[in-house]
file work-v5.cif (mmCIF, C-alpha atoms)
data_model
loop_
_atom_site.label_atom_id
_atom_site.label_comp_id
_atom_site.auth_asym_id
_atom_site.auth_seq_id
_atom_site.Cartn_x
_atom_site.Cartn_y
_atom_site.Cartn_z
CA MET A 9 -4.75 2.95 -34.08
CA SER A 10 -5.94 6.49 -34.80
CA LEU A 11 -3.41 9.30 -34.81
CA HIS A 12 -5.29 10.96 -32.00
CA LEU A 13 -5.11 7.90 -29.81
CA MET A 14 -1.41 7.47 -30.59
CA ARG A 15 -0.77 11.08 -29.66
CA ASP A 16 -2.75 10.78 -26.41
CA LEU A 17 -0.98 7.55 -25.41
CA GLU A 18 2.40 9.22 -26.08
CA ASN A 19 1.29 12.11 -23.95
CA LEU A 20 0.29 9.78 -21.10
CA LYS A 21 3.69 8.13 -21.31
CA ARG A 22 5.42 11.50 -21.08
CA GLU A 23 3.30 12.47 -18.11
CA ILE A 24 3.88 9.28 -16.17
CA LEU A 25 7.61 9.69 -16.77
CA THR A 26 7.48 13.23 -15.46
CA MET A 27 5.65 11.91 -12.41
CA GLY A 28 8.26 9.15 -12.06
CA GLY A 29 11.06 11.73 -12.22
CA MET A 30 9.44 13.87 -9.54
CA VAL A 31 8.95 10.90 -7.24
CA GLU A 32 12.46 9.57 -7.83
CA GLU A 33 13.88 12.96 -6.93
CA ALA A 34 11.79 13.17 -3.75
CA LEU A 35 12.95 9.69 -2.78
CA ASP A 36 16.63 10.46 -3.47
CA ARG A 37 16.42 13.64 -1.44
CA SER A 38 14.65 11.99 1.45
CA ILE A 39 17.27 9.23 1.52
CA ASN A 40 20.09 11.78 1.45
CA ALA A 41 18.32 13.77 4.15
CA VAL A 42 17.95 10.81 6.48
CA MET A 43 21.52 9.59 5.88
CA ASN A 44 23.02 13.00 6.60
CA ARG A 45 20.45 14.16 9.16
CA ASP A 46 19.86 17.12 6.87
CA ALA A 47 16.72 18.86 8.14
CA ASP A 48 16.75 21.50 5.38
CA LEU A 49 16.74 18.89 2.66
CA ALA A 50 13.95 17.03 4.49
CA ARG A 51 11.87 20.21 4.49
CA GLU A 52 12.42 20.56 0.73
CA VAL A 53 10.95 17.09 0.25
CA LEU A 54 7.90 18.08 2.28
CA HIS A 55 7.43 21.21 0.19
CA GLY A 56 7.53 19.24 -3.04
CA GLU A 57 4.75 16.85 -2.04
CA GLU A 58 1.89 19.01 -3.25
CA ALA A 59 3.24 19.14 -6.80
CA ILE A 60 3.39 15.33 -6.85
CA ASN A 61 -0.20 15.04 -5.66
CA THR A 62 -1.37 17.52 -8.29
CA LYS A 63 0.45 15.62 -11.02
CA GLU A 64 -1.17 12.37 -9.90
CA LEU A 65 -4.64 13.87 -10.22
CA GLU A 66 -3.85 15.26 -13.66
CA ILE A 67 -2.67 11.87 -14.89
CA SER A 68 -5.70 10.04 -13.46
CA GLU A 69 -8.04 12.45 -15.19
CA GLU A 70 -6.07 12.28 -18.42
CA ALA A 71 -6.12 8.48 -18.42
CA LEU A 72 -9.87 8.37 -17.88
CA LYS A 73 -10.35 10.87 -20.67
CA VAL A 74 -8.35 8.66 -23.03
CA LEU A 75 -10.48 5.64 -22.11
CA ALA A 76 -13.72 7.56 -22.59
CA LEU A 77 -12.72 9.27 -25.84
CA HIS A 78 -10.93 6.50 -27.70
CA GLN A 79 -12.22 3.32 -26.11
CA PRO A 80 -8.92 1.57 -26.75
CA VAL A 81 -8.76 -2.22 -26.85
CA ALA A 82 -6.20 -5.00 -26.25
CA VAL A 83 -2.67 -3.77 -25.60
CA ASP A 84 -3.71 -0.08 -25.66
CA LEU A 85 -6.40 -0.70 -23.09
CA ARG A 86 -3.94 -2.57 -20.90
CA TYR A 87 -1.49 0.27 -21.31
CA VAL A 88 -3.95 2.87 -20.01
CA ILE A 89 -4.96 0.65 -17.09
CA ALA A 90 -1.28 0.10 -16.30
CA VAL A 91 -0.74 3.88 -16.30
CA ILE A 92 -3.59 4.29 -13.79
CA MET A 93 -2.09 1.63 -11.50
CA VAL A 94 1.53 2.85 -11.86
CA ASN A 95 0.41 6.41 -11.16
CA ASN A 96 -1.21 5.21 -7.95
CA ASP A 97 1.94 3.39 -6.87
CA LEU A 98 4.16 6.36 -7.67
CA GLU A 99 2.03 8.64 -5.55
CA ARG A 100 2.44 6.27 -2.64
CA VAL A 101 6.20 6.25 -3.12
CA GLY A 102 5.95 10.04 -2.88
CA ASP A 103 4.07 9.63 0.43
CA LEU A 104 6.80 7.34 1.72
CA ALA A 105 9.50 9.86 0.73
CA GLU A 106 7.53 12.43 2.73
CA ASN A 107 7.40 9.97 5.56
CA ILE A 108 11.18 9.45 5.52
CA ALA A 109 11.60 13.23 5.47
CA GLU A 110 9.39 13.59 8.55
CA ARG A 111 11.37 10.85 10.25
CA THR A 112 14.53 12.86 9.49
CA LEU A 113 13.07 15.89 11.25
CA ASP A 114 12.11 13.73 14.26
CA MET A 115 15.61 12.30 14.41
CA ALA A 116 17.22 15.73 14.10
CA ARG A 117 15.32 16.73 17.25
CA LEU A 118 16.94 13.99 19.32
CA SER A 119 20.10 15.10 21.05
CA GLU A 120 21.80 11.69 21.15
CA GLU A 121 24.08 10.37 18.44
CA PRO A 122 22.25 8.15 15.92
CA VAL A 123 22.57 4.42 16.42
CA PRO A 124 25.37 3.12 14.22
CA TYR A 125 23.45 1.40 11.49
CA ASP A 126 24.04 1.91 7.82
CA LEU A 127 20.99 1.71 5.57
CA ASN A 128 23.05 2.53 2.47
CA GLN A 129 22.90 -0.86 0.79
CA MET A 130 19.16 -1.08 1.25
CA ALA A 131 18.65 2.49 0.03
CA GLU A 132 20.75 1.80 -3.06
CA THR A 133 18.81 -1.33 -3.95
CA VAL A 134 15.47 0.41 -3.48
CA ARG A 135 16.55 3.38 -5.57
CA LEU A 136 17.66 1.00 -8.32
CA MET A 137 14.33 -0.84 -8.19
CA VAL A 138 12.36 2.37 -8.69
CA GLN A 139 14.59 3.45 -11.59
CA GLU A 140 14.48 0.07 -13.27
CA SER A 141 10.74 -0.31 -12.87
CA LEU A 142 10.22 3.02 -14.64
CA ASP A 143 12.75 2.05 -17.30
CA SER A 144 10.92 -1.22 -17.87
CA LEU A 145 7.70 0.75 -18.27
CA VAL A 146 9.10 3.13 -20.88
CA ASN A 147 10.82 0.41 -22.87
CA GLN A 148 8.16 -2.23 -22.24
CA ASP A 149 11.05 -4.39 -21.10
CA VAL A 150 9.59 -7.47 -19.42
CA GLN A 151 12.98 -8.97 -18.58
CA LYS A 152 13.97 -5.87 -16.66
CA ALA A 153 10.59 -5.86 -14.93
CA ARG A 154 11.11 -9.42 -13.76
CA ARG A 155 14.54 -8.53 -12.35
CA VAL A 156 12.91 -5.79 -10.28
CA CYS A 157 10.56 -8.37 -8.78
CA GLU A 158 13.53 -10.54 -7.84
CA LEU A 159 15.30 -7.67 -6.07
CA ASP A 160 12.33 -7.32 -3.78
CA ASP A 161 13.32 -10.46 -1.88
CA GLU A 162 16.74 -8.96 -1.19
CA VAL A 163 15.18 -5.85 0.25
CA ASP A 164 12.85 -7.92 2.42
CA ASP A 165 15.85 -9.79 3.78
CA LEU A 166 17.72 -6.56 4.48
CA HIS A 167 14.71 -5.18 6.31
CA ARG A 168 14.34 -8.28 8.46
CA GLU A 169 18.02 -7.97 9.33
CA VAL A 170 17.57 -4.33 10.43
CA TYR A 171 14.59 -5.35 12.53
CA ARG A 172 16.49 -8.18 14.21
CA ILE A 173 19.55 -6.06 15.00
CA MET A 174 17.56 -3.11 16.28
CA ARG A 175 15.54 -5.37 18.55
CA ALA A 176 18.73 -6.81 20.01
CA LEU A 177 20.10 -3.28 20.49
CA MET A 178 16.98 -2.11 22.32
CA LYS A 179 17.15 -5.07 24.68
CA GLU A 180 20.77 -4.35 25.46
CA ASP A 181 20.46 -0.59 25.75
CA PRO A 182 17.01 0.79 26.59
CA GLU A 183 18.37 4.30 26.02
CA SER A 184 18.52 3.48 22.32
CA VAL A 185 14.78 2.78 21.91
CA ASP A 186 13.81 6.09 20.25
CA ARG A 187 16.73 6.08 17.86
CA ALA A 188 16.42 2.39 17.05
CA THR A 189 12.70 2.66 16.30
CA HIS A 190 13.49 5.52 13.91
CA VAL A 191 15.90 3.25 12.07
CA ILE A 192 13.24 0.53 11.89
CA SER A 193 10.67 3.02 10.58
CA THR A 194 13.02 4.31 7.90
CA SER A 195 13.92 0.78 6.89
CA ARG A 196 10.25 -0.14 6.70
CA ALA A 197 9.47 2.89 4.54
CA LEU A 198 12.25 1.79 2.17
CA GLU A 199 10.90 -1.74 2.14
CA ARG A 200 7.46 -0.43 1.22
CA VAL A 201 8.93 1.66 -1.58
CA ALA A 202 10.43 -1.58 -2.90
CA ASP A 203 6.95 -3.15 -2.77
CA HIS A 204 5.55 -0.33 -4.90
CA ALA A 205 8.41 -0.66 -7.41
CA THR A 206 7.54 -4.36 -7.58
CA ASN A 207 3.89 -3.53 -8.22
CA ILE A 208 4.95 -1.24 -11.06
CA ALA A 209 7.11 -3.98 -12.55
CA GLU A 210 4.20 -6.41 -12.29
CA ASP A 211 1.99 -3.90 -14.09
CA VAL A 212 4.56 -3.73 -16.89
CA VAL A 213 4.47 -7.50 -17.31
CA PHE A 214 0.69 -7.35 -17.36
CA MET A 215 0.73 -4.54 -19.91
CA VAL A 216 3.11 -6.26 -22.30
CA GLU A 217 2.05 -9.86 -21.93
CA GLY A 218 -1.50 -9.54 -20.70
CA GLU A 219 -0.44 -11.80 -17.89
CA ILE A 220 -1.25 -10.84 -14.33
CA ILE A 221 1.57 -11.76 -11.99
CA ARG A 222 1.52 -11.07 -8.34
CA HIS A 223 4.05 -10.68 -5.70
CA GLY A 224 4.17 -14.16 -4.24
CA GLY A 225 4.94 -12.98 -0.74
CA ILE A 226 2.76 -11.25 1.77
CA GLU A 227 2.86 -7.56 2.49
CA GLU A 228 5.58 -7.14 5.06
CA ALA A 229 4.26 -5.31 8.07
CA GLU A 230 7.30 -5.47 10.29
CA MET B 28 -26.92 0.63 -21.61
CA SER B 29 -27.12 -2.73 -23.34
CA LEU B 30 -28.57 -5.65 -21.45
CA HIS B 31 -25.29 -7.48 -21.82
CA LEU B 32 -23.36 -4.66 -20.24
CA MET B 33 -25.88 -4.38 -17.43
CA ARG B 34 -25.64 -8.09 -16.76
CA ASP B 35 -21.83 -7.98 -16.77
CA LEU B 36 -21.70 -4.99 -14.44
CA GLU B 37 -24.08 -6.74 -12.05
CA ASN B 38 -21.86 -9.77 -12.18
CA LEU B 39 -18.78 -7.68 -11.37
CA LYS B 40 -20.60 -6.22 -8.40
CA ARG B 41 -21.49 -9.67 -7.12
CA GLU B 42 -17.92 -10.81 -7.54
CA ILE B 43 -16.38 -7.85 -5.74
CA LEU B 44 -18.82 -8.40 -2.89
CA THR B 45 -17.84 -12.05 -2.67
CA MET B 46 -14.21 -10.94 -2.57
CA GLY B 47 -15.09 -8.36 0.09
CA GLY B 48 -16.80 -11.04 2.17
CA MET B 49 -13.80 -13.37 1.93
CA VAL B 50 -11.41 -10.61 2.96
CA GLU B 51 -13.63 -9.43 5.80
CA GLU B 52 -13.79 -12.94 7.14
CA ALA B 53 -10.01 -13.35 6.94
CA LEU B 54 -9.57 -10.06 8.76
CA ASP B 55 -12.07 -10.95 11.50
CA ARG B 56 -10.43 -14.29 12.03
CA SER B 57 -6.93 -12.85 12.13
CA ILE B 58 -8.05 -10.25 14.68
CA ASN B 59 -9.71 -12.92 16.82
CA ALA B 60 -6.62 -15.08 16.48
CA VAL B 61 -4.25 -12.36 17.62
CA MET B 62 -6.51 -11.26 20.50
CA ASN B 63 -6.87 -14.81 21.81
CA ARG B 64 -3.43 -16.07 20.78
CA ASP B 65 -5.26 -18.74 18.85
CA ALA B 66 -2.66 -20.44 16.65
CA ASP B 67 -5.20 -22.80 15.03
CA LEU B 68 -7.37 -19.93 13.88
CA ALA B 69 -4.27 -18.12 12.59
CA ARG B 70 -3.39 -21.16 10.52
CA GLU B 71 -6.91 -21.18 9.04
CA VAL B 72 -6.37 -17.61 7.88
CA LEU B 73 -3.13 -18.63 6.20
CA HIS B 74 -4.86 -21.51 4.45
CA GLY B 75 -7.57 -19.23 3.08
CA GLU B 76 -5.14 -16.82 1.44
CA GLU B 77 -4.84 -18.68 -1.84
CA ALA B 78 -8.59 -18.54 -2.49
CA ILE B 79 -8.48 -14.76 -2.02
CA ASN B 80 -5.61 -14.39 -4.48
CA THR B 81 -7.41 -16.54 -7.04
CA LYS B 82 -10.57 -14.48 -6.68
CA GLU B 83 -8.59 -11.28 -7.19
CA LEU B 84 -7.17 -12.55 -10.47
CA GLU B 85 -10.60 -13.64 -11.69
CA ILE B 86 -12.06 -10.22 -10.96
CA SER B 87 -9.17 -8.38 -12.67
CA GLU B 88 -9.61 -10.48 -15.76
CA GLU B 89 -13.38 -10.09 -15.70
CA ALA B 90 -13.13 -6.31 -15.38
CA LEU B 91 -10.72 -6.06 -18.31
CA LYS B 92 -13.00 -8.25 -20.37
CA VAL B 93 -15.93 -5.92 -19.66
CA LEU B 94 -13.87 -2.91 -20.73
CA ALA B 95 -12.73 -4.59 -23.92
CA LEU B 96 -16.12 -6.02 -24.87
CA HIS B 97 -18.48 -3.19 -24.01
CA GLN B 98 -16.26 -0.11 -24.01
CA PRO B 99 -18.41 1.50 -21.33
CA VAL B 100 -18.37 5.28 -20.89
CA ALA B 101 -19.00 7.83 -18.14
CA VAL B 102 -20.34 6.35 -14.90
CA ASP B 103 -20.08 2.75 -16.18
CA LEU B 104 -16.46 3.26 -17.12
CA ARG B 105 -15.72 4.78 -13.72
CA TYR B 106 -17.50 1.87 -12.10
CA VAL B 107 -15.28 -0.71 -13.79
CA ILE B 108 -12.13 1.28 -12.96
CA ALA B 109 -13.31 1.54 -9.36
CA VAL B 110 -13.80 -2.24 -9.25
CA ILE B 111 -10.22 -2.74 -10.46
CA MET B 112 -8.87 -0.41 -7.77
CA VAL B 113 -11.10 -1.78 -4.97
CA ASN B 114 -10.13 -5.32 -5.90
CA ASN B 115 -6.49 -4.36 -5.56
CA ASP B 116 -7.06 -2.82 -2.13
CA LEU B 117 -9.06 -5.82 -0.93
CA GLU B 118 -6.28 -8.17 -1.91
CA ARG B 119 -3.86 -6.12 0.17
CA VAL B 120 -6.20 -6.25 3.14
CA GLY B 121 -6.08 -10.03 2.67
CA ASP B 122 -2.26 -9.83 2.79
CA LEU B 123 -2.43 -7.85 6.00
CA ALA B 124 -4.80 -10.39 7.57
CA GLU B 125 -2.24 -13.04 6.64
CA ASN B 126 0.41 -10.86 8.21
CA ILE B 127 -1.54 -10.55 11.47
CA ALA B 128 -2.01 -14.33 11.45
CA GLU B 129 1.74 -14.86 11.08
CA ARG B 130 2.34 -12.41 13.89
CA THR B 131 -0.04 -14.50 16.02
CA LEU B 132 2.03 -17.61 15.37
CA ASP B 133 5.23 -15.71 16.28
CA MET B 134 3.65 -14.50 19.49
CA ALA B 135 2.37 -17.95 20.37
CA ARG B 136 5.97 -19.16 20.23
CA LEU B 137 7.08 -16.72 22.94
CA SER B 138 6.88 -18.19 26.41
CA GLU B 139 6.29 -14.90 28.25
CA GLU B 140 2.89 -13.43 28.96
CA PRO B 141 1.79 -10.89 26.33
CA VAL B 142 2.26 -7.23 27.23
CA PRO B 143 -0.97 -5.88 28.65
CA TYR B 144 -2.24 -3.79 25.78
CA ASP B 145 -5.71 -3.97 24.40
CA LEU B 146 -6.07 -3.38 20.65
CA ASN B 147 -9.83 -3.99 20.76
CA GLN B 148 -11.00 -0.45 20.12
CA MET B 149 -8.67 -0.10 17.16
CA ALA B 150 -9.67 -3.49 15.75
CA GLU B 151 -13.36 -2.60 16.08
CA THR B 152 -12.94 0.70 14.26
CA VAL B 153 -10.93 -0.90 11.46
CA ARG B 154 -13.45 -3.71 11.05
CA LEU B 155 -16.24 -1.12 10.84
CA MET B 156 -14.31 0.86 8.22
CA VAL B 157 -13.92 -2.18 5.97
CA GLN B 158 -17.61 -3.08 6.32
CA GLU B 159 -18.80 0.46 5.70
CA SER B 160 -16.50 0.98 2.73
CA LEU B 161 -17.95 -2.13 1.08
CA ASP B 162 -21.46 -1.02 1.99
CA SER B 163 -20.83 2.36 0.43
CA LEU B 164 -19.63 0.61 -2.71
CA VAL B 165 -22.72 -1.56 -3.05
CA ASN B 166 -25.15 1.25 -2.33
CA GLN B 167 -23.10 3.94 -4.05
CA ASP B 168 -23.46 5.85 -0.80
CA VAL B 169 -21.11 8.83 -0.89
CA GLN B 170 -22.04 10.04 2.58
CA LYS B 171 -21.09 6.73 4.09
CA ALA B 172 -17.86 6.71 2.09
CA ARG B 173 -16.91 10.11 3.47
CA ARG B 174 -17.52 8.92 7.02
CA VAL B 175 -15.07 6.06 6.42
CA CYS B 176 -12.43 8.60 5.41
CA GLU B 177 -13.02 10.51 8.64
CA LEU B 178 -12.59 7.40 10.78
CA ASP B 179 -9.10 6.96 9.35
CA ASP B 180 -7.81 9.85 11.47
CA GLU B 181 -9.07 8.12 14.60
CA VAL B 182 -7.21 4.97 13.70
CA ASP B 183 -4.04 6.92 12.99
CA ASP B 184 -4.29 8.50 16.45
CA LEU B 185 -4.85 5.13 18.09
CA HIS B 186 -1.82 3.71 16.29
CA ARG B 187 0.38 6.61 17.37
CA GLU B 188 -0.76 6.02 20.93
CA VAL B 189 0.19 2.32 20.76
CA TYR B 190 3.56 3.27 19.36
CA ARG B 191 4.21 5.82 22.11
CA ILE B 192 3.18 3.48 24.93
CA MET B 193 5.14 0.51 23.59
CA ARG B 194 8.25 2.65 23.22
CA ALA B 195 7.95 3.77 26.84
CA LEU B 196 7.48 0.15 27.91
CA MET B 197 10.57 -1.04 26.05
CA LYS B 198 12.67 1.67 27.68
CA GLU B 199 11.44 0.67 31.09
CA ASP B 200 11.62 -3.07 30.61
CA PRO B 201 14.05 -4.35 27.95
CA GLU B 202 12.65 -7.84 28.49
CA SER B 203 9.45 -6.67 26.82
CA VAL B 204 11.07 -5.73 23.49
CA ASP B 205 9.95 -8.79 21.50
CA ARG B 206 6.40 -8.73 22.80
CA ALA B 207 6.06 -4.95 22.47
CA THR B 208 7.31 -4.94 18.87
CA HIS B 209 4.70 -7.59 18.07
CA VAL B 210 2.01 -5.29 19.43
CA ILE B 211 3.38 -2.43 17.31
CA SER B 212 3.43 -4.62 14.21
CA THR B 213 -0.15 -5.77 14.74
CA SER B 214 -1.28 -2.22 15.34
CA ARG B 215 0.51 -1.10 12.19
CA ALA B 216 -1.13 -3.83 10.13
CA LEU B 217 -4.52 -2.66 11.42
CA GLU B 218 -3.66 0.92 10.60
CA ARG B 219 -2.76 -0.11 7.05
CA VAL B 220 -6.03 -1.99 6.68
CA ALA B 221 -7.74 1.28 7.61
CA ASP B 222 -5.75 3.01 4.85
CA HIS B 223 -7.02 0.50 2.30
CA ALA B 224 -10.62 0.91 3.51
CA THR B 225 -10.12 4.65 3.05
CA ASN B 226 -8.84 4.08 -0.48
CA ILE B 227 -11.94 2.03 -1.23
CA ALA B 228 -14.17 4.78 0.13
CA GLU B 229 -12.32 7.33 -2.01
CA ASP B 230 -12.86 5.13 -5.05
CA VAL B 231 -16.59 5.09 -4.28
CA VAL B 232 -16.70 8.89 -4.21
CA PHE B 233 -14.82 8.94 -7.50
CA MET B 234 -17.18 6.41 -9.02
CA VAL B 235 -20.33 8.23 -8.03
CA GLU B 236 -19.27 11.84 -8.41
CA GLY B 237 -16.41 11.58 -10.87
CA GLU B 238 -14.42 13.51 -8.30
CA ILE B 239 -11.01 12.22 -7.30
CA ILE B 240 -10.39 12.75 -3.61
CA ARG B 241 -7.29 11.70 -1.84
CA HIS B 242 -6.33 10.94 1.59
CA GLY B 243 -4.97 14.27 2.79
CA GLY B 244 -2.42 12.70 5.12
CA ILE B 245 0.76 10.85 4.37
CA GLU B 246 1.11 7.11 4.45
CA GLU B 247 1.89 6.28 8.02
CA ALA B 248 5.07 4.24 8.26
CA GLU B 249 5.41 4.01 12.00
#

call {"tool": "encode", "arguments": {"input": "work-v5.cif", "output": "structure tokens"}}
result
Amino acid sequence: MSLHLMRDLENLKREILTMGGMVEEALDRSINAVMNRDADLAREVLHGEEAINTKELEISEEALKVLALHQPVAVDLRYVIAVIMVNNDLERVGDLAENIAERTLDMARLSEEPVPYDLNQMAETVRLMVQESLDSLVNQDVQKARRVCELDDEVDDLHREVYRIMRALMKEDPESVDRATHVISTSRALERVADHATNIAEDVVFMVEGEIIRHGGIEEAE
Amino acid sequence: MSLHLMRDLENLKREILTMGGMVEEALDRSINAVMNRDADLAREVLHGEEAINTKELEISEEALKVLALHQPVAVDLRYVIAVIMVNNDLERVGDLAENIAERTLDMARLSEEPVPYDLNQMAETVRLMVQESLDSLVNQDVQKARRVCELDDEVDDLHREVYRIMRALMKEDPESVDRATHVISTSRALERVADHATNIAEDVVFMVEGEIIRHGGIEEAE
């Protein structure tokens, strides 16, 4: 591998980690905002979105430049393709953080008390999945990547549980419909973040082993 | 461009169109199934899912092989990257068709009459978006691709409307909760299909003009 290529691949790695850090922070803040009904924090997440979008564009362009300039092969080629795909997934996690932040502002506008449902366990698992998927990318750790994929089933189960309980609540107490649908929406956003973390982990496996694995399950649209 | 590269790019195009056709058919069937509560048709969609997943893997592998063998540059490079991204989006549309089919089976199990809400206009627009995004890919038609992106706002509005009306219905009639949440889920799946069609259209613009455009809005998690 030429020194130039090595330097450019290192640079791409640094950039995707910066992007990962920005997205992780947005996600953490949006989760804290929704848990604590903190409208100010939610607004901070919304303000940070543009920087994430800009970073995504920079990385896409950089990755294409590396492909065009160096025409890498084998594992290096797979690495650059993985960066393009991971970048895409990270940007969507950023969108979902924005979405959770907007949900927080909607909820803050309601005068009633929130419905008593704790999304903490789900939020923790999803946060862990994002962290671990990025870790597995940096360290090319396939074992860790496969563990992320396994956690996705847990999150799907947790989301189904939220959905079931909120439906029962709405039937019992029609007054709770607005608040309960906000809980469902937040839970669904978290579940979709978990899907993106899983995609990232799958890309890591592909990058390291050249093997394409896919998410056995279907995209959860509940 | 070498003859080999030209032949392989043509082959990729044919393959992605085959994939597009398979996914379009799955989507059409799932929409017909959910509209007519046709459980048999829904089951056909579920049976077809494996063929779509297999085709996606074949195309991914083929695209990587083209990159490794020919090391294309400029517009050819962007074309292969676009194929990788479009392939990914098409597979997710396939997942959403599967999702709508599963929703149909859930709804068929309910004994009550469906809630009176017509998703036809939304389904038509989404179907058109998928068709036009594939058309724009084949014909490298940037104008058509941009029109697809515009239609996405319409679908988002239609989805918000469904959400608003179903929420009002659930408040009024708690008995309708299960049926109304099915309508919301189906509408959301359609709205996400529209997002993927938009991604495809954006990839076409990128491929032709080298310009990366992005979906201004946030990912809709309602």

call {"tool": "interface_residues", "arguments": {"input": "work-v5.cif", "of": "chain B", "to": "chain A", "cutoff": "9 Å", "atoms": "only C-alpha atoms", "output": "ChimeraX atom specification"}}
result
/B:80,84,87-88,91,94-96,98-101,104-105,108,112,119,121-123,125-127,194-195,197-205,208-209,211-213,215-216,219,239-241,244-249

call {"tool": "atom_distance", "arguments": {"input": "work-v5.cif", "atom1": "atom CA of A:Val123", "atom2": "atom CA of A:Glu169"}}
result
15.0 Å

call {"tool": "residues_around", "arguments": {"input": "work-v5.cif", "residues": "B:Ala60", "least_positions_apart": "2", "cutoff": "10 Å", "atoms": "all atoms listed in the file", "output": "NGL selection string"}}
result
:B and (54-58 or 62-72 or 127-132)

call {"tool": "atom_distance", "arguments": {"input": "work-v5.cif", "atom1": "atom CA of A:Glu66", "atom2": "atom CA of B:Leu164"}}
result
24.2 Å

call {"tool": "resolve_selection", "arguments": {"input": "work-v5.cif", "expression": "the PyMOL selection byres ((chain A and resi 152-165) around 7)", "output": "mmCIF file with C-alpha atoms, keeping the file's coordinate frame"}}
result
data_model
loop_
_atom_site.group_PDB
_atom_site.id
_atom_site.type_symbol
_atom_site.label_atom_id
_atom_site.label_comp_id
_atom_site.auth_asym_id
_atom_site.auth_seq_id
_atom_site.Cartn_x
_atom_site.Cartn_y
_atom_site.Cartn_z
ATOM 1 C CA MET A 130 19.160 -1.080 1.250
ATOM 2 C CA MET A 137 14.330 -0.840 -8.190
ATOM 3 C CA GLU A 140 14.480 0.070 -13.270
ATOM 4 C CA SER A 141 10.740 -0.310 -12.870
ATOM 5 C CA SER A 144 10.920 -1.220 -17.870
ATOM 6 C CA ASP A 149 11.050 -4.390 -21.100
ATOM 7 C CA VAL A 150 9.590 -7.470 -19.420
ATOM 8 C CA GLN A 151 12.980 -8.970 -18.580
ATOM 9 C CA LEU A 166 17.720 -6.560 4.480
ATOM 10 C CA HIS A 167 14.710 -5.180 6.310
ATOM 11 C CA ARG A 168 14.340 -8.280 8.460
ATOM 12 C CA GLU A 169 18.020 -7.970 9.330
ATOM 13 C CA GLU A 199 10.900 -1.740 2.140
ATOM 14 C CA ALA A 202 10.430 -1.580 -2.900
ATOM 15 C CA ASP A 203 6.950 -3.150 -2.770
ATOM 16 C CA THR A 206 7.540 -4.360 -7.580
ATOM 17 C CA ALA A 209 7.110 -3.980 -12.550
ATOM 18 C CA GLU A 210 4.200 -6.410 -12.290
ATOM 19 C CA VAL A 212 4.560 -3.730 -16.890
ATOM 20 C CA VAL A 213 4.470 -7.500 -17.310
#

call {"tool": "atom_distance", "arguments": {"input": "work-v5.cif", "atom1": "atom CA of A:Glu58", "atom2": "atom CA of A:Asn147"}}
result
28.5 Å

call {"tool": "closest_residue", "arguments": {"input": "work-v5.cif", "among": "A:Val191, A:Val170, A:Leu17, A:Ala90", "to": "A:Glu70", "atoms": "all atoms listed in the file"}}
result
A:Leu17

call {"tool": "residues_near_point", "arguments": {"input": "work-v5.cif", "point": "(0.4, 6.8, -10.5)", "cutoff": "8 Å", "atoms": "all atoms listed in the file", "output": "list in words"}}
result
Ile24, Met27, Glu64, Ile67, Ser68, Val91, Ile92, Met93, Val94, Asn95, Asn96, Asp97, Leu98 and Glu99 of chain A
